[in-house]
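Visitor: For reference, the file query.pdb (PDB, C-alpha atoms) is included below:
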```
ATOM      1  CA  MET A  14      41.949  -3.362  13.685
ATOM      2  CA  THR A  15      38.967  -3.077  16.024
ATOM      3  CA  ASN A  16      37.843   0.168  14.360
ATOM      4  CA  ILE A  17      38.111  -1.411  10.907
ATOM      5  CA  SER A  18      36.063  -4.417  12.039
ATOM      6  CA  ALA A  19      33.372  -2.182  13.597
ATOM      7  CA  SER A  20      33.221  -0.019  10.475
ATOM      8  CA  SER A  21      32.835  -3.085   8.250
ATOM      9  CA  SER A  22      30.097  -4.467  10.497
ATOM     10  CA  THR A  23      28.204  -1.162  10.427
ATOM     11  CA  LYS A  24      28.484  -0.937   6.633
ATOM     12  CA  GLY A  25      27.211  -4.502   6.271
ATOM     13  CA  LEU A  26      24.262  -3.682   8.515
ATOM     14  CA  TRP A  27      23.230  -0.686   6.414
ATOM     15  CA  VAL A  28      23.496  -2.760   3.227
ATOM     16  CA  ALA A  29      21.254  -5.346   4.907
ATOM     17  CA  ASP A  30      18.749  -2.601   5.851
ATOM     18  CA  LEU A  31      18.623  -1.316   2.257
ATOM     19  CA  LEU A  32      18.098  -4.825   0.900
ATOM     20  CA  LEU A  33      15.244  -5.418   3.344
ATOM     21  CA  LEU A  34      13.511  -2.201   2.297
ATOM     22  CA  LEU A  35      13.780  -3.315  -1.339
ATOM     23  CA  VAL A  36      12.277  -6.662  -0.315
ATOM     24  CA  ALA A  37       9.417  -4.831   1.410
ATOM     25  CA  ILE A  38       8.768  -2.937  -1.837
ATOM     26  CA  VAL A  39       8.544  -6.048  -4.031
ATOM     27  CA  TRP A  40       6.615  -8.050  -1.430
ATOM     28  CA  GLY A  41       4.174  -5.156  -1.128
ATOM     29  CA  THR A  42       3.251  -5.733  -4.771
ATOM     30  CA  SER A  43       3.107  -9.525  -4.452
ATOM     31  CA  TYR A  44      -0.415  -9.823  -2.989
ATOM     32  CA  GLY A  45      -2.132  -8.303  -6.004
ATOM     33  CA  VAL A  46       0.121 -10.183  -8.446
ATOM     34  CA  ALA A  47      -0.434 -13.540  -6.698
ATOM     35  CA  LYS A  48      -4.188 -12.977  -6.473
ATOM     36  CA  ASP A  49      -4.324 -12.464 -10.244
ATOM     37  CA  ALA A  50      -2.255 -15.606 -10.889
ATOM     38  CA  LEU A  51      -4.540 -17.688  -8.655
ATOM     39  CA  LEU A  52      -7.411 -16.975 -11.053
ATOM     40  CA  TYR A  53      -5.716 -19.363 -13.499
ATOM     41  CA  TYR A  54      -4.347 -22.179 -11.301
ATOM     42  CA  PRO A  55      -4.915 -23.858  -7.898
ATOM     43  CA  VAL A  56      -2.953 -22.673  -4.861
ATOM     44  CA  LEU A  57      -0.737 -25.738  -4.388
ATOM     45  CA  GLY A  58       0.093 -25.889  -8.083
ATOM     46  CA  PHE A  59       0.890 -22.199  -8.255
ATOM     47  CA  VAL A  60       3.231 -22.366  -5.241
ATOM     48  CA  ALA A  61       4.862 -25.498  -6.698
ATOM     49  CA  ILE A  62       5.461 -23.782 -10.061
ATOM     50  CA  ARG A  63       6.855 -20.667  -8.381
ATOM     51  CA  PHE A  64       9.351 -22.514  -6.193
ATOM     52  CA  CYS A  65      10.303 -25.279  -8.626
ATOM     53  CA  MET A  66      11.193 -22.569 -11.162
ATOM     54  CA  THR A  67      13.237 -20.840  -8.451
ATOM     55  CA  PHE A  68      14.994 -24.109  -7.619
ATOM     56  CA  LEU A  69      15.862 -24.753 -11.278
ATOM     57  CA  LEU A  70      17.284 -21.253 -11.707
ATOM     58  CA  LEU A  71      19.427 -21.700  -8.591
ATOM     59  CA  LEU A  72      20.450 -25.275  -9.442
ATOM     60  CA  PRO A  73      24.077 -24.286 -10.316
ATOM     61  CA  SER A  74      24.559 -23.116  -6.719
ATOM     62  CA  LEU A  75      24.138 -26.730  -5.515
ATOM     63  CA  ARG A  76      27.666 -27.504  -6.636
ATOM     64  CA  GLN A  77      28.580 -25.792  -3.370
ATOM     65  CA  LEU A  78      27.300 -28.978  -1.650
ATOM     66  CA  ALA A  79      30.732 -30.459  -2.316
ATOM     67  CA  ARG A  80      32.205 -27.793  -0.031
ATOM     68  CA  PRO A  81      31.718 -27.289   3.734
ATOM     69  CA  GLU A  82      29.768 -24.036   3.228
ATOM     70  CA  GLY A  83      27.348 -25.831   0.892
ATOM     71  CA  ARG A  84      26.769 -28.682   3.337
ATOM     72  CA  ALA A  85      26.148 -26.116   6.089
ATOM     73  CA  ALA A  86      23.520 -24.487   3.849
ATOM     74  CA  LEU A  87      21.892 -27.893   3.303
ATOM     75  CA  ARG A  88      21.676 -28.613   7.043
ATOM     76  CA  ALA A  89      20.046 -25.244   7.687
ATOM     77  CA  GLY A  90      17.967 -25.167   4.514
ATOM     78  CA  LEU A  91      16.032 -28.409   5.038
ATOM     79  CA  PRO A  92      14.278 -27.433   8.325
ATOM     80  CA  LEU A  93      13.924 -23.806   7.190
ATOM     81  CA  GLY A  94      12.400 -25.025   3.925
ATOM     82  CA  LEU A  95       9.760 -26.997   5.830
ATOM     83  CA  ILE A  96       8.816 -23.881   7.813
ATOM     84  CA  LEU A  97       8.714 -21.897   4.556
ATOM     85  CA  LEU A  98       6.474 -24.565   3.000
ATOM     86  CA  ALA A  99       3.978 -24.138   5.843
ATOM     87  CA  ILE A 100       4.155 -20.340   5.492
ATOM     88  CA  PHE A 101       3.387 -20.314   1.782
ATOM     89  CA  ILE A 102       0.597 -22.863   2.001
ATOM     90  CA  CYS A 103      -1.087 -20.764   4.710
ATOM     91  CA  GLU A 104      -0.300 -17.438   3.040
ATOM     92  CA  THR A 105      -1.322 -18.338  -0.511
ATOM     93  CA  PHE A 106      -4.558 -20.034   0.548
ATOM     94  CA  GLY A 107      -5.171 -17.021   2.806
ATOM     95  CA  VAL A 108      -4.683 -14.538  -0.054
ATOM     96  CA  ALA A 109      -7.100 -16.591  -2.184
ATOM     97  CA  LEU A 110      -9.780 -16.620   0.538
ATOM     98  CA  THR A 111      -9.639 -13.057   1.860
ATOM     99  CA  GLN A 112      -9.199  -9.497   0.638
ATOM    100  CA  ALA A 113      -5.705  -8.301  -0.238
ATOM    101  CA  SER A 114      -5.964  -5.497   2.345
ATOM    102  CA  ASN A 115      -6.902  -7.984   5.063
ATOM    103  CA  ALA A 116      -3.935 -10.129   4.043
ATOM    104  CA  ALA A 117      -1.516  -7.194   4.228
ATOM    105  CA  PHE A 118      -2.783  -6.182   7.671
ATOM    106  CA  LEU A 119      -2.695  -9.668   9.172
ATOM    107  CA  ILE A 120       0.704 -10.672   7.764
ATOM    108  CA  SER A 121       2.178  -7.514   9.292
ATOM    109  CA  LEU A 122       1.393  -8.967  12.731
ATOM    110  CA  CYS A 123       4.709 -10.740  12.197
ATOM    111  CA  VAL A 124       6.240  -7.454  13.414
ATOM    112  CA  VAL A 125       4.484  -7.845  16.763
ATOM    113  CA  PHE A 126       5.063 -11.592  17.072
ATOM    114  CA  THR A 127       8.807 -11.551  16.343
ATOM    115  CA  PRO A 128      10.083  -9.988  19.620
ATOM    116  CA  PHE A 129       8.097 -12.557  21.599
ATOM    117  CA  VAL A 130       9.243 -15.488  19.455
ATOM    118  CA  GLU A 131      12.839 -14.251  19.682
ATOM    119  CA  TRP A 132      12.479 -14.072  23.465
ATOM    120  CA  LEU A 133      10.990 -17.593  23.608
ATOM    121  CA  VAL A 134      13.338 -19.372  21.181
ATOM    122  CA  MET A 135      16.633 -17.551  21.716
ATOM    123  CA  ALA A 136      16.130 -16.503  25.351
ATOM    124  CA  GLN A 137      16.999 -12.927  24.382
ATOM    125  CA  ARG A 138      14.556 -10.438  25.810
ATOM    126  CA  PRO A 139      14.307  -7.466  23.415
ATOM    127  CA  LYS A 140      14.394  -3.945  24.780
ATOM    128  CA  ALA A 141      11.033  -2.402  25.674
ATOM    129  CA  SER A 142      11.516   0.089  22.829
ATOM    130  CA  ALA A 143      11.309  -2.770  20.307
ATOM    131  CA  PHE A 144       7.812  -3.635  21.506
ATOM    132  CA  VAL A 145       6.760   0.031  21.369
ATOM    133  CA  VAL A 146       7.909   0.453  17.763
ATOM    134  CA  ALA A 147       6.331  -2.869  16.788
ATOM    135  CA  PHE A 148       2.939  -1.766  18.060
ATOM    136  CA  ILE A 149       3.312   1.660  16.399
ATOM    137  CA  SER A 150       3.898  -0.184  13.129
ATOM    138  CA  LEU A 151       0.880  -2.406  13.792
ATOM    139  CA  PHE A 152      -1.324   0.617  14.553
ATOM    140  CA  GLY A 153      -0.137   2.273  11.357
ATOM    141  CA  THR A 154      -1.057  -0.831   9.376
ATOM    142  CA  TRP A 155      -4.525  -0.831  10.921
ATOM    143  CA  LEU A 156      -5.021   2.798   9.860
ATOM    144  CA  LEU A 157      -3.726   1.914   6.423
ATOM    145  CA  THR A 158      -6.446  -0.712   5.956
ATOM    146  CA  ILE A 159      -9.226   0.815   8.073
ATOM    147  CA  GLY A 160     -11.424   1.249   5.040
ATOM    148  CA  SER A 161     -11.577  -2.475   4.336
ATOM    149  CA  ASP A 162     -14.025  -4.979   5.742
ATOM    150  CA  LEU A 163     -11.999  -6.760   8.426
ATOM    151  CA  THR A 164     -14.465  -9.581   9.067
ATOM    152  CA  PHE A 165     -12.575 -12.631  10.291
ATOM    153  CA  ASN A 166     -12.869 -15.710   8.065
ATOM    154  CA  LEU A 167     -10.821 -18.821   7.213
ATOM    155  CA  GLY A 168      -8.527 -16.835   4.938
ATOM    156  CA  ASP A 169      -7.826 -14.362   7.731
ATOM    157  CA  GLY A 170      -7.042 -17.217  10.106
ATOM    158  CA  LEU A 171      -4.566 -18.653   7.617
ATOM    159  CA  MET A 172      -2.891 -15.236   7.234
ATOM    160  CA  LEU A 173      -2.616 -14.992  11.017
ATOM    161  CA  ALA A 174      -0.952 -18.421  11.107
ATOM    162  CA  ALA A 175       1.394 -17.323   8.314
ATOM    163  CA  ALA A 176       2.378 -14.218  10.300
ATOM    164  CA  LEU A 177       3.271 -16.327  13.340
ATOM    165  CA  LEU A 178       5.226 -18.753  11.154
ATOM    166  CA  ARG A 179       7.076 -15.831   9.513
ATOM    167  CA  ALA A 180       8.206 -14.651  12.939
ATOM    168  CA  PHE A 181       9.350 -18.186  13.786
ATOM    169  CA  MET A 182      11.123 -18.416  10.420
ATOM    170  CA  MET A 183      13.135 -15.246  11.060
ATOM    171  CA  VAL A 184      14.249 -16.393  14.491
ATOM    172  CA  MET A 185      15.144 -19.901  13.333
ATOM    173  CA  THR A 186      17.064 -18.533  10.329
ATOM    174  CA  LYS A 187      19.146 -16.459  12.716
ATOM    175  CA  ARG A 188      19.653 -19.397  15.048
ATOM    176  CA  LEU A 189      20.683 -21.871  12.325
ATOM    177  CA  THR A 190      22.915 -19.562  10.278
ATOM    178  CA  VAL A 191      24.599 -17.133  12.683
ATOM    179  CA  ASN A 192      28.415 -17.341  12.770
ATOM    180  CA  LYS A 193      28.403 -20.116  10.172
ATOM    181  CA  ASN A 194      30.210 -20.006   6.866
ATOM    182  CA  MET A 195      27.612 -20.951   4.264
ATOM    183  CA  SER A 196      26.441 -20.051   0.778
ATOM    184  CA  ASN A 197      23.360 -17.820   0.797
ATOM    185  CA  LEU A 198      22.403 -18.862  -2.741
ATOM    186  CA  THR A 199      22.668 -22.548  -1.866
ATOM    187  CA  LEU A 200      20.565 -21.940   1.239
ATOM    188  CA  THR A 201      17.896 -20.233  -0.897
ATOM    189  CA  ALA A 202      18.028 -23.067  -3.459
ATOM    190  CA  VAL A 203      17.543 -25.757  -0.798
ATOM    191  CA  GLN A 204      14.623 -23.880   0.759
ATOM    192  CA  SER A 205      13.018 -23.391  -2.662
ATOM    193  CA  GLY A 206      13.391 -27.068  -3.510
ATOM    194  CA  VAL A 207      11.741 -28.140  -0.258
ATOM    195  CA  VAL A 208       8.794 -25.779  -0.843
ATOM    196  CA  GLY A 209       8.333 -26.595  -4.553
ATOM    197  CA  PHE A 210       8.565 -30.386  -4.336
ATOM    198  CA  GLY A 211       6.758 -30.355  -0.981
ATOM    199  CA  CYS A 212       3.756 -28.684  -2.637
ATOM    200  CA  LEU A 213       3.810 -31.260  -5.434
ATOM    201  CA  LEU A 214       3.770 -34.038  -2.815
ATOM    202  CA  VAL A 215       0.907 -32.446  -0.855
ATOM    203  CA  ALA A 216      -1.078 -31.926  -4.072
ATOM    204  CA  SER A 217      -0.600 -35.557  -5.123
ATOM    205  CA  LEU A 218      -1.777 -36.768  -1.709
ATOM    206  CA  PHE A 219      -4.764 -34.490  -1.127
ATOM    207  CA  MET A 220      -6.001 -33.225  -4.531
ATOM    208  CA  GLN A 221      -8.344 -35.663  -6.213
ATOM    209  CA  GLY A 222      -7.131 -36.195  -9.756
ATOM    210  CA  GLY A 223      -3.950 -34.231  -9.106
ATOM    211  CA  LEU A 224      -3.067 -30.856 -10.572
ATOM    212  CA  PRO A 225      -4.659 -29.666 -13.834
ATOM    213  CA  ARG A 226      -2.711 -28.877 -16.987
ATOM    214  CA  LEU A 227      -0.524 -25.783 -16.870
ATOM    215  CA  PRO A 228      -2.324 -22.581 -17.884
ATOM    216  CA  GLY A 229      -1.496 -21.060 -21.245
ATOM    217  CA  ASP A 230      -2.471 -17.473 -20.528
ATOM    218  CA  PRO A 231       0.591 -15.159 -20.861
ATOM    219  CA  SER A 232      -0.504 -12.980 -17.935
ATOM    220  CA  PHE A 233      -0.199 -15.983 -15.588
ATOM    221  CA  TRP A 234       3.400 -16.573 -16.647
ATOM    222  CA  VAL A 235       4.311 -12.890 -16.502
ATOM    223  CA  SER A 236       3.018 -12.789 -12.910
ATOM    224  CA  THR A 237       4.826 -16.019 -12.043
ATOM    225  CA  VAL A 238       8.167 -14.906 -13.500
ATOM    226  CA  TYR A 239       7.925 -11.614 -11.599
ATOM    227  CA  LEU A 240       7.236 -13.461  -8.333
ATOM    228  CA  VAL A 241      10.084 -15.926  -8.976
ATOM    229  CA  LEU A 242      12.771 -13.377  -9.822
ATOM    230  CA  PHE A 243      11.940 -10.553  -7.438
ATOM    231  CA  CYS A 244       9.668 -11.875  -4.674
ATOM    232  CA  THR A 245      11.429 -15.220  -4.252
ATOM    233  CA  ILE A 246      15.063 -15.364  -5.449
ATOM    234  CA  PHE A 247      15.982 -11.786  -4.596
ATOM    235  CA  ALA A 248      13.752 -11.538  -1.513
ATOM    236  CA  PHE A 249      14.889 -14.722   0.223
ATOM    237  CA  PHE A 250      18.529 -14.219  -0.654
ATOM    238  CA  ALA A 251      18.322 -10.695   0.849
ATOM    239  CA  GLN A 252      16.461 -11.908   3.943
ATOM    240  CA  ASN A 253      18.940 -14.734   4.587
ATOM    241  CA  TYR A 254      21.825 -12.306   4.053
ATOM    242  CA  SER A 255      20.332  -9.724   6.412
ATOM    243  CA  LEU A 256      19.388 -12.112   9.211
ATOM    244  CA  ARG A 257      23.041 -13.177   9.460
ATOM    245  CA  ARG A 258      24.057  -9.541  10.092
ATOM    246  CA  SER A 259      21.147  -8.189  12.113
ATOM    247  CA  ASN A 260      18.642  -9.445  14.672
ATOM    248  CA  PRO A 261      15.155 -10.875  13.939
ATOM    249  CA  THR A 262      13.240  -8.022  15.602
ATOM    250  CA  ARG A 263      15.061  -5.347  13.604
ATOM    251  CA  VAL A 264      14.510  -7.343  10.397
ATOM    252  CA  SER A 265      10.791  -7.761  11.097
ATOM    253  CA  LEU A 266      10.407  -4.012  11.722
ATOM    254  CA  LEU A 267      12.022  -3.214   8.382
ATOM    255  CA  MET A 268       9.826  -5.787   6.677
ATOM    256  CA  GLY A 269       6.854  -4.177   8.444
ATOM    257  CA  SER A 270       6.948  -1.389   5.854
ATOM    258  CA  GLU A 271       5.642  -3.911   3.297
ATOM    259  CA  PRO A 272       1.929  -2.849   3.559
ATOM    260  CA  VAL A 273       2.895   0.765   2.775
ATOM    261  CA  PHE A 274       4.424  -0.211  -0.546
ATOM    262  CA  GLY A 275       1.478  -2.488  -1.208
ATOM    263  CA  ALA A 276      -0.868   0.471  -0.716
ATOM    264  CA  LEU A 277       1.255   2.688  -2.970
ATOM    265  CA  PHE A 278       1.203  -0.027  -5.645
ATOM    266  CA  ALA A 279      -2.575  -0.314  -5.352
ATOM    267  CA  SER A 280      -2.987   3.458  -5.535
ATOM    268  CA  PHE A 281      -0.703   4.338  -8.435
ATOM    269  CA  TRP A 282      -0.771   1.128 -10.505
ATOM    270  CA  LEU A 283      -4.202  -0.379  -9.806
ATOM    271  CA  GLY A 284      -6.015   2.940  -9.355
ATOM    272  CA  GLU A 285      -7.307   2.261  -5.835
ATOM    273  CA  LYS A 286      -8.048   5.349  -3.745
ATOM    274  CA  LEU A 287      -6.467   5.845  -0.293
ATOM    275  CA  GLY A 288      -8.030   8.050   2.354
ATOM    276  CA  ALA A 289      -6.306  10.406   4.774
ATOM    277  CA  LEU A 290      -6.212   7.793   7.560
ATOM    278  CA  SER A 291      -4.485   5.346   5.227
ATOM    279  CA  TRP A 292      -1.758   7.861   4.438
ATOM    280  CA  ILE A 293      -1.329   8.639   8.158
ATOM    281  CA  GLY A 294      -0.988   4.910   8.837
ATOM    282  CA  GLY A 295       1.593   4.611   6.092
ATOM    283  CA  ALA A 296       3.542   7.519   7.566
ATOM    284  CA  LEU A 297       3.556   5.798  10.986
ATOM    285  CA  ILE A 298       4.938   2.590   9.489
ATOM    286  CA  VAL A 299       7.630   4.443   7.551
ATOM    287  CA  GLY A 300       8.505   6.460  10.662
ATOM    288  CA  ALA A 301       8.787   3.316  12.785
ATOM    289  CA  THR A 302      10.960   1.699  10.117
ATOM    290  CA  LEU A 303      13.308   4.685   9.909
ATOM    291  CA  TRP A 304      13.467   4.897  13.700
ATOM    292  CA  ALA A 305      14.422   1.232  13.843
ATOM    293  CA  THR A 306      17.364   1.776  11.492
ATOM    294  CA  LEU A 307      18.849   4.903  13.078
ATOM    295  CA  PRO A 308      22.093   4.312  14.995
ATOM    296  CA  ARG A 309      22.212   4.787  18.743
ATOM    297  CA  SER A 310      24.224   7.987  18.413
ATOM    298  CA  VAL A 311      21.224   9.700  16.799
ATOM    299  CA  PHE A 312      18.562   8.514  19.258
ATOM    300  CA  ASN A 313      19.373   6.659  22.466
ATOM    301  CA  PHE A 314      16.632   4.267  21.502
ATOM    302  CA  GLY A 315      17.894   1.048  23.028
ATOM    303  CA  ALA A 316      20.563  -1.480  22.364
ATOM    304  CA  ILE A 317      18.438  -3.541  20.021
ATOM    305  CA  PHE A 318      18.638  -0.876  17.343
ATOM    306  CA  SER A 319      22.295  -0.059  17.931
ATOM    307  CA  THR A 320      24.884  -1.384  15.524
ATOM    308  CA  ARG A 321      27.158  -1.964  18.530
ATOM    309  CA  ASN A 322      25.072  -4.919  19.624
ATOM    310  CA  ILE A 323      25.187  -6.687  16.297
ATOM    311  CA  LYS A 324      28.253  -8.871  16.248
ATOM    312  CA  PRO A 325      30.093  -9.429  13.000
ATOM    313  CA  GLU A 326      30.201 -12.962  11.670
ATOM    314  CA  SER A 327      33.172 -15.084  12.550
ATOM    315  CA  ALA A 328      33.559 -16.064   8.881
ATOM    316  CA  PRO A 329      32.858 -14.267   5.613
ATOM    317  CA  VAL A 330      29.616 -14.892   3.793
ATOM    318  CA  ILE A 331      29.852 -16.557   0.420
ATOM    319  CA  GLY A 332      27.288 -14.723  -1.669
ATOM    320  CA  ALA A 333      26.323 -14.449  -5.293
ATOM    321  CA  GLY A 334      29.780 -13.494  -6.502
ATOM    322  CA  ALA A 335      31.490 -16.476  -4.914
ATOM    323  CA  ASP A 336      28.832 -18.876  -6.101
ATOM    324  CA  SER A 337      29.078 -17.716  -9.671
ATOM    325  CA  SER A 338      32.825 -18.052  -9.689
ATOM    326  CA  GLN A 339      33.006 -21.624  -8.439
TER     327      GLN A 339
END
```
So, in terms of structure tokens, how does the structure I just supplied come out?
Guide:
Amino acid sequence: MTNISASSSTKGLWVADLLLLLVAIVWGTSYGVAKDALLYYPVLGFVAIRFCMTFLLLLPSLRQLARPEGRAALRAGLPLGLILLAIFICETFGVALTQASNAAFLISLCVVFTPFVEWLVMAQRPKASAFVVAFISLFGTWLLTIGSDLTFNLGDGLMLAAALLRAFMMVMTKRLTVNKNMSNLTLTAVQSGVVGFGCLLVASLFMQGGLPRLPGDPSFWVSTVYLVLFCTIFAFFAQNYSLRRSNPTRVSLLMGSEPVFGALFASFWLGEKLGALSWIGGALIVGATLWATLPRSVFNFGAIFSTRNIKPESAPVIGAGADSSQ
């Protein structure tokens, strides 16, 4: 029975790793897509549209609120949604006010911040190897963006704040959801509702005259639908799922590959040229990510990256299949 449980836990961890890499791919494309959408609509309105659409699509999952796992998702989702609201206000304003390459570099500082936040909030000191790999990933990201003008402005400061909040979000998600039976889709729906309606409230309070009429340009809606389906619903469901099976530092390292996919998107889709140093930086990030996911039997790299130290949940997760069948 113990061997079966360990095997199931290891399999769940590798599924979580794969999902996080897919999230890194779609989030890597999100900076350019969001920057284009912001040409048509203000930041607060754009974030409100994105997350209110997400909330409406996930509305059927709220019927889980009648069950204990739905109420558990509500209790965790409200505070996590407020943190997410702060992240997206900082991040989206930051993307609008700085270069996309600056944004990708600064948001990746989440990789460096997470071990320290995890240590502070959860009183769990990560292994020294986690800090080493985090800084390798950070150095790789710097090489990846070395060709850009990294002058520090308000947008860069907002991206730095978003990176710190992302690290805090990962740790708090782990703390509020670990070993609890809850619906991941309901959790994502609650978070999306808090962000979407929170942005509408902030806009009504601080934007003179309120939000303008919705844009009619098809490219705005194509960008928005892409961000809703892939960069919001899928990404946050996968992140919530993975944080319940892994630890925040491991998750942040996997998400640290995001700038690599952003650079590949810029190179092959947008036609931007990458120099040799950028490709070396990308290779360092990918190498650090792969190293983080290898089991302890391959490299004695420290307990933080070993599947032995990741405890299985005490109750099964109710995911998309269970939600759709209720």
Visitor: Just so the selection is clear, what residues does the PyMOL selection byres ((chain A and resi 240-247) around 6) cover here, as a list of chain:residue names?
Guide: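 Written out, the selection comes to A:Val39, A:Trp40, A:Arg63, A:Thr67, A:Thr237, A:Val238, A:Tyr239, A:Ala248, A:Phe249, A:Phe250.
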Visitor: Quick one: pull the distance between CA of Ile38 in chain A and CA of Tyr254 in chain A, Å, one decimal.
Guide: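 Straight-line distance from CA of Ile38 in chain A to CA of Tyr254 in chain A works out to 17.1 Å.
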Visitor: Could you tell me which residues the PyMOL selection byres ((chain A and resi 88-92) around 9) returns for this structure, as a list in words?
Guide: Gly83, Arg84, Ala85, Ala86, Leu87, Leu93, Gly94, Leu95, Ile96, Leu97, Thr186, Leu189, Thr190, Thr199, Leu200, Thr201, Ala202, Val203, Gln204, Ser205 and Val207 of chain A
Visitor: Write out as a PyMOL selection string each polymer residue whose atoms come within 10 Å of Val125 in chain A, counting all atoms listed in the file; drop sequence neighbours fewer than 6 positions from it.
Guide: chain A and resi 143-151+176-177+180+262+265-266+269
Visitor: Would you save the residues from that selection as a short mmCIF file (atom, residue, chain, number, x, y, z; two decimals), keeping the file's coordinate frame, using C-alpha atoms?
Guide:
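Printed below is out30.cif as written:
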```cif
data_model
loop_
_atom_site.label_atom_id
_atom_site.label_comp_id
_atom_site.auth_asym_id
_atom_site.auth_seq_id
_atom_site.Cartn_x
_atom_site.Cartn_y
_atom_site.Cartn_z
CA ALA A 143 11.31 -2.77 20.31
CA PHE A 144 7.81 -3.64 21.51
CA VAL A 145 6.76 0.03 21.37
CA VAL A 146 7.91 0.45 17.76
CA ALA A 147 6.33 -2.87 16.79
CA PHE A 148 2.94 -1.77 18.06
CA ILE A 149 3.31 1.66 16.40
CA SER A 150 3.90 -0.18 13.13
CA LEU A 151 0.88 -2.41 13.79
CA ALA A 176 2.38 -14.22 10.30
CA LEU A 177 3.27 -16.33 13.34
CA ALA A 180 8.21 -14.65 12.94
CA THR A 262 13.24 -8.02 15.60
CA SER A 265 10.79 -7.76 11.10
CA LEU A 266 10.41 -4.01 11.72
CA GLY A 269 6.85 -4.18 8.44
#
```
Visitor: CA of Asn166 in chain A and CA of Val264 in chain A, how far apart in Å?
Guide: 28.7 Å
Visitor: Could you check the closest approach to Ser74 in chain A for each of A:Ala136, A:Leu98, A:Val36, A:Met195 and tell me which residue wins, using only C-alpha atoms?
Guide: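 Ranking A:Ala136, A:Leu98, A:Val36, A:Met195 by distance to Ser74 in chain A, first place goes to A:Met195.
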Visitor: Which distance in Å separates CA of Leu52 in chain A and CA of Phe278 in chain A, to one decimal?
Guide: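 CA of Phe278 in chain A lies at a distance of 19.8 Å from CA of Leu52 in chain A.
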Visitor: Here's the selection I'm unsure about, the PyMOL selection byres ((chain A and resi 211) around 10); applied to the file above, which residues does it give, as a PyMOL selection string?
Guide: chain A and resi 57+60-61+64-65+94-95+98-99+205-210+212-217
Visitor: Enclose range 103-109 of chain A, meaning all of its atoms listed in the file, in a box aligned along x, y and z, pad it by 6 Å on each side, and list the centre and edge lengths in Å to one decimal, as lines of an AutoDock Vina configuration file.
Guide:
```
center_x = -3.7
center_y = -17.7
center_z = 1.3
size_x = 18.8
size_y = 18.2
size_z = 18.9
```
Visitor: Counting only C-alpha atoms, figure out which residue out of A:Ser232, A:Pro225, A:Phe219, A:Glu82 gets nearest to Asn194 in chain A.
Guide: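 Ranked by minimum distance to Asn194 in chain A, first place goes to A:Glu82.
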Visitor: Set the distance at 8 Å and use only C-alpha atoms: which residues neighbour Leu32 in chain A once local chain neighbours fewer than 4 positions away are removed? I'd like the list as a list in words.
Guide: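 Here the qualifying residues turn out to be Val28, Val36, Ala251, Gln252 and Ser255 of chain A.
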Visitor: So which one's closest to Ile62 in chain A, A:Arg188, A:Arg226, A:Lys193, A:Lys140? Using all atoms listed in the file, please.
Guide: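 Looking at the shortest contact to Ile62 in chain A, the residue is A:Arg226.
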Visitor: Give me the residues near Val130 in chain A as a short mmCIF file (atom, residue, chain, number, x, y, z; two decimals) with C-alpha atoms, in the frame of the given file, where near means some atom within 10 Å (using all atoms listed in the file) and where sequence neighbours in that chain fewer than 6 positions away do not count.
Guide:
```cif
data_model
loop_
_atom_site.label_atom_id
_atom_site.label_comp_id
_atom_site.auth_asym_id
_atom_site.auth_seq_id
_atom_site.Cartn_x
_atom_site.Cartn_y
_atom_site.Cartn_z
CA CYS A 123 4.71 -10.74 12.20
CA ALA A 136 16.13 -16.50 25.35
CA GLN A 137 17.00 -12.93 24.38
CA ARG A 138 14.56 -10.44 25.81
CA LEU A 177 3.27 -16.33 13.34
CA LEU A 178 5.23 -18.75 11.15
CA ALA A 180 8.21 -14.65 12.94
CA PHE A 181 9.35 -18.19 13.79
CA MET A 182 11.12 -18.42 10.42
CA MET A 183 13.14 -15.25 11.06
CA VAL A 184 14.25 -16.39 14.49
CA MET A 185 15.14 -19.90 13.33
CA PRO A 261 15.16 -10.88 13.94
CA THR A 262 13.24 -8.02 15.60
#
```
Visitor: Using all atoms listed in the file, which of A:Phe68, A:Trp27, A:Phe152, A:Phe274 sits nearest Ser43 in chain A?
Guide: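 Comparing A:Phe68, A:Trp27, A:Phe152, A:Phe274 against Ser43 in chain A, the winner is A:Phe274.
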Visitor: Compare A:Val191, A:Ala174, A:Leu71, A:Leu156 by their minimum atom-to-atom distance to Phe106 in chain A, counting all atoms listed in the file, and give me the closest one.
Guide: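 Among the listed residues, the smallest separation from Phe106 in chain A belongs to A:Ala174.
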Visitor: With all atoms listed in the file as the basis for distance, which of A:Gln77, A:Trp292, A:Leu218, A:Leu267 is at the shortest distance from Trp304 in chain A?
Guide: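 Residue with the minimum atom-to-atom distance to Trp304 in chain A: A:Leu267.
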